[in-house]
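Source file protein_6.cif; content: mmCIF, C-alpha atoms and all ligand atoms.
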data_input
#
loop_
_atom_site.label_atom_id
_atom_site.label_comp_id
_atom_site.auth_asym_id
_atom_site.auth_seq_id
_atom_site.Cartn_x
_atom_site.Cartn_y
_atom_site.Cartn_z
CA MET A 18 -111.78 -34.47 5.66
CA ARG A 19 -114.15 -36.52 7.79
CA GLN A 20 -113.05 -40.14 8.17
CA LYS A 21 -115.35 -43.13 8.54
CA GLU A 22 -115.09 -44.72 11.98
CA ILE A 23 -114.19 -48.39 11.74
CA GLN A 24 -115.45 -50.70 14.47
CA LEU A 25 -112.53 -53.12 14.85
CA ASN A 26 -114.63 -55.96 16.20
CA SER A 27 -117.66 -55.65 13.93
CA ASP A 28 -119.12 -58.83 12.40
CA GLU A 29 -118.65 -57.18 9.00
CA LEU A 30 -114.91 -56.71 9.47
CA ARG A 31 -114.47 -60.17 10.99
CA SER A 32 -116.16 -61.85 8.07
CA TYR A 33 -114.08 -59.80 5.60
CA ILE A 34 -110.86 -60.80 7.39
CA ASP A 35 -112.06 -64.41 7.41
CA SER A 36 -112.52 -64.31 3.65
CA VAL A 37 -109.28 -62.63 2.55
CA GLY A 38 -107.30 -61.72 5.67
CA TYR A 39 -104.87 -64.62 6.18
CA GLU A 40 -103.51 -67.76 4.57
CA LYS A 41 -105.86 -70.64 5.35
CA ASP A 42 -104.76 -73.84 7.10
CA ASN A 43 -107.19 -76.78 7.12
CA LEU A 44 -105.86 -78.29 10.34
CA LEU A 45 -106.10 -75.00 12.23
CA GLU A 46 -109.66 -74.56 10.97
CA GLN A 47 -110.47 -78.07 12.22
CA LEU A 48 -108.94 -77.20 15.60
CA ARG A 49 -111.00 -73.99 15.77
CA LYS A 50 -114.19 -75.98 15.10
CA GLU A 51 -113.36 -78.60 17.75
CA THR A 52 -112.53 -75.83 20.26
CA GLN A 53 -115.92 -74.21 19.61
CA ASP A 54 -117.51 -77.38 21.01
CA LEU A 55 -116.11 -76.32 24.42
CA GLY A 56 -118.71 -73.51 24.45
CA ASP A 57 -117.97 -70.06 25.91
CA GLU A 58 -114.39 -71.04 26.81
CA SER A 59 -113.55 -71.14 23.08
CA ILE A 60 -113.33 -67.34 23.15
CA MET A 61 -109.87 -67.81 24.74
CA GLN A 62 -108.40 -68.98 21.43
CA VAL A 63 -106.23 -66.52 19.49
CA GLY A 64 -107.63 -65.08 16.25
CA SER A 65 -106.67 -66.65 12.91
CA SER A 66 -104.79 -63.68 11.46
CA GLN A 67 -103.16 -63.14 14.85
CA GLY A 68 -101.91 -66.75 14.75
CA LYS A 69 -100.56 -66.15 11.27
CA LEU A 70 -98.78 -63.01 12.52
CA LEU A 71 -97.11 -65.05 15.32
CA GLU A 72 -95.89 -67.52 12.70
CA ILE A 73 -94.54 -64.75 10.45
CA ILE A 74 -92.76 -63.01 13.34
CA CYS A 75 -91.01 -66.24 14.31
CA ARG A 76 -90.07 -66.95 10.69
CA ILE A 77 -88.67 -63.52 9.84
CA GLY A 78 -86.87 -63.37 13.20
CA ASN A 79 -85.33 -66.77 12.49
CA PHE A 80 -86.41 -67.67 16.02
CA ASN A 81 -85.39 -70.96 17.56
CA LYS A 82 -86.02 -71.01 21.26
CA CYS A 83 -89.49 -69.93 22.37
CA ILE A 84 -91.88 -69.99 25.32
CA GLU A 85 -95.66 -69.82 25.33
CA LEU A 86 -97.57 -69.06 28.53
CA GLY A 87 -101.14 -70.32 28.01
CA VAL A 88 -101.55 -73.15 25.49
CA PHE A 89 -105.30 -73.83 25.73
CA THR A 90 -106.15 -76.16 22.78
CA GLY A 91 -102.92 -75.41 20.94
CA TYR A 92 -103.77 -72.91 18.18
CA SER A 93 -101.02 -70.36 18.84
CA SER A 94 -98.47 -73.07 19.69
CA ILE A 95 -98.99 -74.62 16.25
CA CYS A 96 -98.52 -71.18 14.65
CA ILE A 97 -95.29 -70.55 16.59
CA ALA A 98 -94.00 -74.07 15.86
CA LYS A 99 -94.71 -73.53 12.15
CA GLY A 100 -92.62 -70.35 12.20
CA ILE A 101 -89.55 -71.66 14.05
CA ASN A 102 -86.65 -73.61 12.57
CA ASP A 103 -86.80 -77.38 12.34
CA GLU A 104 -84.31 -77.68 15.19
CA GLY A 105 -86.23 -75.04 17.16
CA ARG A 106 -88.06 -75.67 20.43
CA LEU A 107 -91.23 -74.20 21.91
CA PHE A 108 -91.76 -74.69 25.65
CA ALA A 109 -95.56 -74.64 25.89
CA ILE A 110 -96.85 -74.03 29.42
CA ASP A 111 -100.35 -74.53 30.81
CA ILE A 112 -102.01 -75.89 33.94
CA SER A 113 -104.91 -77.66 32.22
CA GLU A 114 -104.70 -81.34 31.23
CA LYS A 115 -108.17 -81.07 29.72
CA TYR A 116 -107.31 -78.30 27.26
CA THR A 117 -103.80 -79.48 26.44
CA SER A 118 -104.98 -83.02 25.64
CA ILE A 119 -106.70 -81.42 22.61
CA ALA A 120 -103.51 -79.43 21.87
CA LYS A 121 -101.37 -82.60 21.96
CA LYS A 122 -103.68 -84.33 19.49
CA TYR A 123 -103.36 -81.43 17.02
CA TRP A 124 -99.58 -81.05 17.52
CA GLU A 125 -99.27 -84.67 16.46
CA LYS A 126 -101.61 -84.25 13.48
CA SER A 127 -99.62 -81.19 12.35
CA GLY A 128 -96.35 -83.13 12.44
CA LEU A 129 -94.85 -80.34 14.55
CA ASP A 130 -94.91 -82.18 17.89
CA HIS A 131 -91.13 -82.79 17.76
CA LYS A 132 -90.64 -79.02 18.19
CA ILE A 133 -93.00 -78.62 21.18
CA THR A 134 -92.37 -79.51 24.83
CA LEU A 135 -95.49 -79.31 26.99
CA ILE A 136 -94.94 -78.28 30.62
CA LEU A 137 -98.00 -78.73 32.86
CA ASP A 138 -97.36 -76.32 35.72
CA GLU A 139 -98.02 -72.79 36.95
CA ALA A 140 -96.36 -70.44 34.46
CA ILE A 141 -94.61 -68.50 37.24
CA ASN A 142 -92.93 -71.69 38.54
CA VAL A 143 -91.67 -72.59 35.10
CA LEU A 144 -90.25 -69.11 34.42
CA ASP A 145 -88.55 -69.16 37.85
CA THR A 146 -87.05 -72.57 37.08
CA PHE A 147 -85.69 -71.32 33.74
CA ILE A 148 -84.15 -68.31 35.54
CA ASP A 149 -82.67 -70.55 38.28
CA ASP A 150 -81.26 -72.84 35.58
CA GLY A 151 -79.20 -69.92 34.21
CA LEU A 152 -81.29 -69.38 31.07
CA LYS A 153 -81.54 -65.57 31.38
CA GLY A 154 -81.12 -63.80 28.03
CA THR A 155 -81.31 -67.01 25.98
CA PHE A 156 -84.84 -67.06 24.51
CA ASP A 157 -85.79 -65.61 21.11
CA PHE A 158 -89.55 -65.28 21.50
CA ILE A 159 -92.05 -65.41 24.38
CA PHE A 160 -95.84 -65.30 23.93
CA ILE A 161 -97.76 -64.30 27.08
CA ASP A 162 -101.40 -65.47 26.96
CA ALA A 163 -102.18 -67.01 30.38
CA ASP A 164 -104.06 -65.62 33.42
CA LYS A 165 -104.19 -61.81 33.35
CA SER A 166 -103.67 -61.35 37.11
CA ASN A 167 -100.02 -62.41 36.74
CA TYR A 168 -99.25 -60.43 33.60
CA ILE A 169 -96.82 -58.02 35.27
CA GLU A 170 -94.80 -60.84 36.82
CA TYR A 171 -94.88 -62.71 33.49
CA TYR A 172 -93.56 -59.65 31.67
CA LYS A 173 -90.75 -59.01 34.18
CA LYS A 174 -89.57 -62.62 34.18
CA SER A 175 -89.92 -62.86 30.40
CA PHE A 176 -87.83 -59.70 30.09
CA ASP A 177 -85.07 -61.47 32.05
CA LEU A 178 -85.29 -64.59 29.89
CA ILE A 179 -85.47 -62.95 26.45
CA ARG A 180 -82.24 -62.10 24.63
CA SER A 181 -81.46 -58.71 23.18
CA GLY A 182 -83.18 -58.62 19.76
CA GLY A 183 -85.81 -61.12 20.89
CA ILE A 184 -89.54 -60.38 21.10
CA ILE A 185 -92.11 -60.67 23.88
CA ALA A 186 -95.70 -60.71 22.52
CA ILE A 187 -98.53 -60.12 24.99
CA ASP A 188 -102.15 -60.88 24.16
CA ASN A 189 -105.31 -59.01 25.27
CA THR A 190 -103.61 -55.69 26.02
CA ILE A 191 -106.64 -53.67 24.88
CA TRP A 192 -108.89 -55.88 27.03
CA LYS A 193 -112.06 -55.05 25.13
CA GLY A 194 -111.42 -51.34 25.69
CA LYS A 195 -111.56 -51.65 29.48
CA VAL A 196 -107.99 -50.32 29.79
CA PHE A 197 -109.14 -46.85 28.76
CA ASP A 198 -112.37 -46.95 30.78
CA ASN A 199 -111.27 -45.43 34.09
CA ASP A 200 -114.52 -46.51 35.76
CA ASP A 201 -113.30 -50.09 35.43
CA GLN A 202 -111.12 -50.78 38.45
CA THR A 203 -111.35 -54.59 38.43
CA GLN A 204 -108.09 -56.38 39.19
CA SER A 205 -107.51 -57.84 35.74
CA THR A 206 -108.15 -54.47 34.05
CA LYS A 207 -105.88 -52.63 36.49
CA THR A 208 -103.11 -55.19 35.93
CA ILE A 209 -103.23 -54.88 32.14
CA ARG A 210 -103.50 -51.06 32.37
CA ASP A 211 -100.48 -50.98 34.70
CA LEU A 212 -98.55 -53.32 32.43
CA ASN A 213 -99.25 -51.14 29.37
CA MET A 214 -97.94 -48.13 31.35
CA LEU A 215 -94.90 -50.07 32.58
CA ILE A 216 -94.00 -51.17 29.05
CA SER A 217 -94.55 -47.70 27.57
CA ASN A 218 -92.05 -46.31 30.11
CA ASP A 219 -89.54 -49.13 29.73
CA PRO A 220 -86.50 -47.71 27.90
CA MET A 221 -85.16 -51.23 27.38
CA VAL A 222 -87.87 -52.21 24.89
CA SER A 223 -89.12 -50.90 21.59
CA GLN A 224 -92.86 -51.55 21.65
CA CYS A 225 -96.21 -51.20 19.89
CA ILE A 226 -99.77 -52.34 20.53
CA ILE A 227 -101.36 -53.96 17.50
CA THR A 228 -105.12 -53.30 17.37
CA MET A 229 -106.16 -56.73 16.12
CA TYR A 230 -108.74 -58.76 18.05
CA ASP A 231 -108.28 -57.87 21.74
CA GLY A 232 -104.95 -56.11 21.18
CA MET A 233 -101.48 -57.63 21.15
CA THR A 234 -98.34 -55.83 22.31
CA LEU A 235 -95.00 -56.54 20.70
CA CYS A 236 -91.86 -55.69 22.73
CA LEU A 237 -88.47 -55.91 21.08
CA LYS A 238 -85.72 -56.08 23.72
CA LYS A 239 -82.99 -53.54 22.94
C1 LIG B 1 -106.33 -67.40 26.67
S1 LIG B 1 -105.99 -69.09 26.92
C2 LIG B 1 -104.63 -69.36 25.83
C3 LIG B 1 -105.04 -69.40 24.37
C4 LIG B 1 -104.00 -70.01 23.46
N1 LIG B 1 -102.82 -69.20 23.39
C5 LIG B 1 -104.56 -70.29 22.07
O1 LIG B 1 -103.95 -69.95 21.08
O2 LIG B 1 -105.63 -70.89 21.96
C6 LIG B 1 -105.28 -69.09 28.52
C7 LIG B 1 -104.70 -70.42 28.98
O3 LIG B 1 -103.91 -70.14 30.17
C8 LIG B 1 -103.99 -71.24 31.03
N2 LIG B 1 -103.64 -70.76 32.39
C9 LIG B 1 -104.42 -70.08 33.25
N3 LIG B 1 -103.74 -69.81 34.38
C10 LIG B 1 -102.49 -70.33 34.22
C11 LIG B 1 -101.33 -70.36 35.03
N4 LIG B 1 -101.33 -69.82 36.24
N5 LIG B 1 -100.22 -70.97 34.55
C12 LIG B 1 -100.23 -71.54 33.30
N6 LIG B 1 -101.31 -71.54 32.49
C13 LIG B 1 -102.41 -70.93 32.93
C14 LIG B 1 -105.44 -71.72 30.89
O4 LIG B 1 -105.53 -73.08 31.27
C15 LIG B 1 -105.72 -71.48 29.41
O5 LIG B 1 -105.52 -72.66 28.66
#

I'd like the structure from this file rewritten - as structure tokens, please.
Amino acid sequence: MRQKEIQLNSDELRSYIDSVGYEKDNLLEQLRKETQDLGDESIMQVGSSQGKLLEIICRIGNFNKCIELGVFTGYSSICIAKGINDEGRLFAIDISEKYTSIAKKYWEKSGLDHKITLILDEAINVLDTFIDDGLKGTFDFIFIDADKSNYIEYYKKSFDLIRSGGIIAIDNTIWKGKVFDNDDQTQSTKTIRDLNMLISNDPMVSQCIITMYDGMTLCLKK
């Protein structure tokens, strides 16, 4: 039987998902509107149903101790903070004061700010510091959504920091389809393509790529 092709990023599908695809949250919608005022940069924000998925993963995993690489204006950090326990902690890492000043405002409005520690530094430095401080194998959940050029290093260091049974989630792993376009040899595409290959051959993780928005990989450490 012939199947209808579904274009995953069509306006039609997006508007359908926006009508019935996830539980609505007024504050997150307000944050999305304010982020749109930043112009083209707003495209960096995670999708709404993707944010809800991050929350659900943290809740069903009973996750407590989390890291986010790439805060931007705080959408995904609010979702993660909603999903973790009340005594949980999210270390939210970014280099931009401009973007994270918006995030801090919304963390406060959400009443979740007591669970979030902002670290303004290069993500690599922070991961190295956690490793040097003896925190290997102690984190429940790590969300990688910062600069693509460092994705392989982020994955390797996150793998060291995550505990067995914890999850590393990596955003943009389909990279608008560029990962399967072999004519595209730009650095960011090659890095994500190499990371996808590395993860698919890593016997220490159970993994899948979720085809929502720009693709998100989930890696469960064995
Ligand atoms: C795709 S956005 C993150 C989106 C965010 N997760 C959300 O839900 O809206 C990427 C963020 O990574 C930050 N970033 C870029 N390079 C970085 C680095 N080397 N270390 C830490 N953060 C970095 C940028 O400032 C930007 O805010």

note - CA of Arg106 in chain A and CA of Cys83 in chain A are separated by 6.2 Å

If you count all atoms listed in the file, the residue of A:Leu30, A:Ala109, A:Leu45, A:Met229 closest to Ser127 in chain A turns out to be A:Leu45

task: For ligand LIG 1 (chain B), collect every residue having any atom at a distance of at most 7 Å from a ligand atom (counting all atoms listed in the file); output as number ranges by chain.
output: A: 61-63, 86-94, 110-113, 116, 138-141, 162-164

(request) Have a look at CA of Leu237 in chain A and CA of Ser175 in chain A and let me know their distance in Å, one decimal. (result)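 CA of Ser175 in chain A lies 11.7 Å from CA of Leu237 in chain A.
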
Exercise. Nearest to Asp188 in chain A among A:Ser223, A:Asn167, A:Ser217, A:Gln67, with distances taken over all atoms listed in the file: which residue is it?
Worked result: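 Distance minimum relative to Asp188 in chain A lands on A:Gln67.
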
As an exercise, work out the distance from CA of Ile133 in chain A to CA of Asp177 in chain A in Å and give it to one decimal place.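 Separation of CA of Ile133 in chain A and CA of Asp177 in chain A: 21.8 Å.
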
Pick the closest to Leu152 in chain A from A:Arg31, A:Leu178, A:Asn43, A:Asn218: which is it, counting only C-alpha atoms?
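Nearest candidate to Leu152 in chain A out of A:Arg31, A:Leu178, A:Asn43, A:Asn218: A:Leu178.
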
* Asked: Could you tell me, as a VMD selection string, which residues have any atom at most 12 Å from (-99.4, -63.7, 16.5), counting only C-alpha atoms?
  -> chain A and resid 39 62 to 76 85 92 to 100 158 to 162 184 to 189 227 to 235

Among A:Thr203, A:Ser36, A:Gly182, A:Asp54, Lys239 in chain A is approached most closely, using only C-alpha atoms, by A:Gly182

Measuring between all atoms listed in the file, which one of A:Ile84, A:Leu212, A:Ile179, A:Ile101 shows the shortest distance to Val143 in chain A?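 Smallest distance to Val143 in chain A is found for A:Ile84.
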
Student task, range 162-202 of chain A output with N, CA and C atoms as a CSV table (one decimal), in the first residue's frame:
chain,number,residue,atom,x,y,z
A,162,ASP,N,22.7,21.6,24.1
A,162,ASP,CA,22.0,22.5,23.1
A,162,ASP,C,22.8,23.8,22.9
A,163,ALA,N,24.2,23.7,22.9
A,163,ALA,CA,25.0,24.9,22.8
A,163,ALA,C,25.6,24.8,21.4
A,164,ASP,N,26.8,25.5,21.2
A,164,ASP,CA,27.4,25.6,19.9
A,164,ASP,C,27.8,24.2,19.3
A,165,LYS,N,27.4,24.0,18.0
A,165,LYS,CA,27.5,22.7,17.4
A,165,LYS,C,29.0,22.2,17.2
A,166,SER,N,29.9,23.2,17.1
A,166,SER,CA,31.3,22.8,16.8
A,166,SER,C,31.9,22.0,17.9
A,167,ASN,N,31.4,22.1,19.1
A,167,ASN,CA,31.9,21.4,20.3
A,167,ASN,C,31.1,20.2,20.7
A,168,TYR,N,30.1,19.8,19.8
A,168,TYR,CA,29.2,18.7,20.2
A,168,TYR,C,29.9,17.4,20.6
A,169,ILE,N,31.0,17.0,19.9
A,169,ILE,CA,31.6,15.7,20.2
A,169,ILE,C,32.2,15.8,21.6
A,170,GLU,N,32.9,16.9,21.9
A,170,GLU,CA,33.5,17.1,23.2
A,170,GLU,C,32.4,17.1,24.3
A,171,TYR,N,31.3,17.8,24.0
A,171,TYR,CA,30.2,17.9,25.0
A,171,TYR,C,29.7,16.5,25.3
A,172,TYR,N,29.5,15.7,24.2
A,172,TYR,CA,29.0,14.3,24.4
A,172,TYR,C,30.0,13.5,25.2
A,173,LYS,N,31.3,13.5,24.9
A,173,LYS,CA,32.2,12.7,25.6
A,173,LYS,C,32.3,13.1,27.1
A,174,LYS,N,32.3,14.4,27.4
A,174,LYS,CA,32.4,14.8,28.8
A,174,LYS,C,31.1,14.5,29.5
A,175,SER,N,30.0,14.7,28.8
A,175,SER,CA,28.7,14.4,29.4
A,175,SER,C,28.6,12.9,29.7
A,176,PHE,N,29.1,12.1,28.8
A,176,PHE,CA,29.1,10.6,29.1
A,176,PHE,C,29.9,10.3,30.4
A,177,ASP,N,31.0,11.0,30.6
A,177,ASP,CA,31.7,10.8,31.9
A,177,ASP,C,30.9,11.2,33.1
A,178,LEU,N,30.1,12.3,32.9
A,178,LEU,CA,29.4,12.9,34.1
A,178,LEU,C,28.1,12.2,34.4
A,179,ILE,N,27.5,11.6,33.4
A,179,ILE,CA,26.2,11.0,33.6
A,179,ILE,C,26.3,9.7,34.3
A,180,ARG,N,25.4,9.4,35.2
A,180,ARG,CA,25.4,8.1,35.9
A,180,ARG,C,24.8,7.0,35.0
A,181,SER,N,25.0,5.7,35.3
A,181,SER,CA,24.4,4.6,34.6
A,181,SER,C,22.9,4.8,34.9
A,182,GLY,N,22.1,4.7,33.8
A,182,GLY,CA,20.6,4.9,33.9
A,182,GLY,C,20.2,6.3,33.7
A,183,GLY,N,21.2,7.2,33.6
A,183,GLY,CA,20.8,8.6,33.3
A,183,GLY,C,20.7,8.8,31.8
A,184,ILE,N,20.2,10.0,31.4
A,184,ILE,CA,20.0,10.3,30.0
A,184,ILE,C,20.7,11.6,29.5
A,185,ILE,N,21.4,11.4,28.3
A,185,ILE,CA,21.9,12.6,27.7
A,185,ILE,C,21.0,12.9,26.5
A,186,ALA,N,20.4,14.1,26.4
A,186,ALA,CA,19.6,14.5,25.3
A,186,ALA,C,20.4,15.5,24.4
A,187,ILE,N,20.4,15.3,23.1
A,187,ILE,CA,21.2,16.2,22.3
A,187,ILE,C,20.3,16.8,21.2
A,188,ASP,N,20.2,18.1,21.1
A,188,ASP,CA,19.3,18.8,20.2
A,188,ASP,C,20.0,19.0,18.8
A,189,ASN,N,19.2,19.1,17.8
A,189,ASN,CA,19.6,19.4,16.4
A,189,ASN,C,20.4,18.3,15.7
A,190,THR,N,20.1,17.1,16.0
A,190,THR,CA,20.9,16.0,15.5
A,190,THR,C,20.5,15.6,14.0
A,191,ILE,N,19.4,16.2,13.5
A,191,ILE,CA,19.0,16.0,12.1
A,191,ILE,C,19.6,17.2,11.3
A,192,TRP,N,19.7,18.3,12.0
A,192,TRP,CA,20.4,19.5,11.4
A,192,TRP,C,19.8,19.8,10.0
A,193,LYS,N,18.5,20.0,10.1
A,193,LYS,CA,17.7,20.3,8.9
A,193,LYS,C,18.0,19.4,7.7
A,194,GLY,N,18.3,18.1,8.0
A,194,GLY,CA,18.5,17.1,6.9
A,194,GLY,C,20.0,17.2,6.3
A,195,LYS,N,20.8,18.1,6.8
A,195,LYS,CA,22.1,18.3,6.2
A,195,LYS,C,23.0,17.1,6.6
A,196,VAL,N,22.7,16.3,7.7
A,196,VAL,CA,23.5,15.2,8.0
A,196,VAL,C,23.5,14.1,7.0
A,197,PHE,N,22.4,14.0,6.2
A,197,PHE,CA,22.3,13.0,5.2
A,197,PHE,C,22.5,13.5,3.8
A,198,ASP,N,23.0,14.8,3.7
A,198,ASP,CA,23.3,15.4,2.4
A,198,ASP,C,24.9,15.4,2.4
A,199,ASN,N,25.4,14.4,1.7
A,199,ASN,CA,26.9,14.2,1.7
A,199,ASN,C,27.6,15.3,0.9
A,200,ASP,N,26.9,16.2,0.2
A,200,ASP,CA,27.5,17.3,-0.4
A,200,ASP,C,27.8,18.4,0.6
A,201,ASP,N,27.2,18.3,1.7
A,201,ASP,CA,27.4,19.4,2.8
A,201,ASP,C,28.6,18.9,3.7
A,202,GLN,N,29.7,19.6,3.5
A,202,GLN,CA,30.9,19.2,4.3
A,202,GLN,C,31.3,20.4,5.2
